[in-house]
Amino acid sequence: MGFMNTKLTSSVISLFQLEYSRRPSMDQSRRNLDLLFFIDANVSLVSGCLALLSPHGLVAWLSEFGYNHEVHETIRLYGCLKIAVGWILYRVREVDDGRFRRSVCEALCVCYALQSLAVARAQFTDRSTILNWIAIIILSLLCGMYALFRFGRGGNLIKIYELPSSNRDLI
């Protein structure tokens with residue numbers, strides 16, 4: 001487990017180093033975005049499966065007032081969504097359409113920003129836990145990484161190829 005954690009950490013660090021270097025090539029930016037999609041897909045699939053298969057005892061331990069069936073169902077539904085996001089991210093790595101890849105980056109940036117704000121609200125208005133801080137940091141980092149690809153370098157890190165006749169302004 002320690003080896004995988006070290007390998008994952010080094011992959012994320014190299015991802016940041018490559019994107020903050022002077023001028024990464026388009027091919028290098030694509031590989032880095034594919035790496036981000038791959039890491040996010042793996043984390044989404046694992047966390048989704050854990051949430052979907054979460055035992056009653058774990059939900060009771062995490063909950064303030066013991067086991068709550070509605071909370072457990074919400075956790076399971078969130079797990080299903082995370083599994084779906086992981087599957088989509090595995091498949092989107094094969095897509096060459098730059099507009100679609102930009103849209104995915106925008107959607108995930110907004111999604112992770114809203115999730116981090118929701119957890120931050122819970123952290124500051126309800127009970128404060130270390131688990132919330134960990135979630136806020138991870139979700140904010142994911143938001144920042146997707147924002148870097150979508151909006152970094154003037155939004156030109158994701159290459160869009162167009163044929164001259166496909167430009168709607170010319171018609």
# chains A, B, ... in the order shown; residues from 1 in each chain; ligands from 1

call {"tool": "residues_around", "arguments": {"residues": "A:Asp34", "least_positions_apart": "2", "cutoff": "9 Å", "atoms": "only C-alpha atoms", "output": "MDAnalysis selection string"}}
result
chainID A and resid 29:32 36:39 89:90 92:94

call {"tool": "residues_around", "arguments": {"residues": "A:Ala120", "least_positions_apart": "2", "cutoff": "8 Å", "atoms": "only C-alpha atoms", "output": "JSON, numbers by chain"}}
result
{"A": [116, 117, 118, 122, 123, 124, 132, 133, 136]}

call {"tool": "residues_around", "arguments": {"residues": "stretch 72-85 of chain A", "least_positions_apart": "2", "cutoff": "8 Å", "atoms": "only C-alpha atoms", "output": "list in words"}}
result
Ala41, Ser44, Leu45, Val46, Ser47, Gly48, Cys49, Leu50, Ala51, Leu52, Leu53, Ser54, His56, Val59, Tyr67, Asn68, His69, Glu70, Trp87, Ile88 and Leu89 of chain A

call {"tool": "closest_residue", "arguments": {"among": "A:Ala60, A:Ile158, A:Gly152, A:Asp27", "to": "A:Val104", "atoms": "only C-alpha atoms"}}
result
A:Ile158

call {"tool": "decode", "arguments": {"residues": "stretch 62-81 of chain A", "atoms": "N, CA, C and O atoms", "output": "short mmCIF file (atom, residue, chain, number, x, y, z; two decimals), in the first residue's frame"}}
result
data_model
loop_
_atom_site.label_atom_id
_atom_site.label_comp_id
_atom_site.auth_asym_id
_atom_site.auth_seq_id
_atom_site.Cartn_x
_atom_site.Cartn_y
_atom_site.Cartn_z
N LEU A 62 -19.55 6.91 11.64
CA LEU A 62 -19.40 8.23 11.04
C LEU A 62 -20.54 9.18 11.41
O LEU A 62 -20.36 10.39 11.43
N SER A 63 -21.70 8.61 11.68
CA SER A 63 -22.86 9.44 11.99
C SER A 63 -22.83 9.87 13.46
O SER A 63 -22.32 9.16 14.32
N GLU A 64 -23.38 11.02 13.72
CA GLU A 64 -23.36 11.57 15.08
C GLU A 64 -24.31 10.86 16.03
O GLU A 64 -24.04 10.70 17.21
N PHE A 65 -25.45 10.41 15.50
CA PHE A 65 -26.49 9.84 16.36
C PHE A 65 -26.70 8.35 16.09
O PHE A 65 -27.80 7.83 16.23
N GLY A 66 -25.68 7.64 15.69
CA GLY A 66 -25.81 6.22 15.42
C GLY A 66 -26.26 5.97 13.98
O GLY A 66 -26.27 6.87 13.14
N TYR A 67 -26.68 4.74 13.72
CA TYR A 67 -27.04 4.35 12.36
C TYR A 67 -28.30 5.09 11.90
O TYR A 67 -29.28 5.19 12.64
N ASN A 68 -28.25 5.58 10.66
CA ASN A 68 -29.39 6.25 10.06
C ASN A 68 -29.55 5.70 8.65
O ASN A 68 -28.65 5.82 7.82
N HIS A 69 -30.70 5.09 8.37
CA HIS A 69 -30.93 4.43 7.09
C HIS A 69 -30.88 5.42 5.92
O HIS A 69 -30.32 5.12 4.86
N GLU A 70 -31.44 6.63 6.10
CA GLU A 70 -31.43 7.62 5.04
C GLU A 70 -30.00 8.06 4.70
O GLU A 70 -29.66 8.26 3.53
N VAL A 71 -29.19 8.24 5.72
CA VAL A 71 -27.78 8.61 5.49
C VAL A 71 -27.07 7.50 4.74
O VAL A 71 -26.30 7.76 3.80
N HIS A 72 -27.34 6.26 5.10
CA HIS A 72 -26.70 5.12 4.45
C HIS A 72 -27.09 5.07 2.97
O HIS A 72 -26.24 4.82 2.10
N GLU A 73 -28.37 5.29 2.67
CA GLU A 73 -28.81 5.28 1.28
C GLU A 73 -28.18 6.43 0.50
O GLU A 73 -27.81 6.27 -0.66
N THR A 74 -28.02 7.59 1.12
CA THR A 74 -27.38 8.73 0.46
C THR A 74 -25.92 8.42 0.15
O THR A 74 -25.43 8.73 -0.94
N ILE A 75 -25.24 7.78 1.08
CA ILE A 75 -23.85 7.39 0.85
C ILE A 75 -23.76 6.39 -0.29
O ILE A 75 -22.88 6.49 -1.16
N ARG A 76 -24.69 5.45 -0.33
CA ARG A 76 -24.68 4.47 -1.42
C ARG A 76 -24.97 5.12 -2.78
O ARG A 76 -24.35 4.78 -3.78
N LEU A 77 -25.91 6.06 -2.81
CA LEU A 77 -26.21 6.75 -4.06
C LEU A 77 -25.01 7.58 -4.53
O LEU A 77 -24.71 7.63 -5.72
N TYR A 78 -24.33 8.24 -3.59
CA TYR A 78 -23.12 8.99 -3.94
C TYR A 78 -22.06 8.04 -4.48
O TYR A 78 -21.34 8.38 -5.43
N GLY A 79 -21.97 6.86 -3.90
CA GLY A 79 -21.04 5.85 -4.40
C GLY A 79 -21.34 5.46 -5.84
O GLY A 79 -20.43 5.30 -6.66
N CYS A 80 -22.62 5.33 -6.16
CA CYS A 80 -23.01 5.01 -7.54
C CYS A 80 -22.58 6.12 -8.49
O CYS A 80 -22.09 5.86 -9.60
N LEU A 81 -22.76 7.36 -8.08
CA LEU A 81 -22.34 8.49 -8.92
C LEU A 81 -20.82 8.51 -9.11
O LEU A 81 -20.33 8.79 -10.20
#
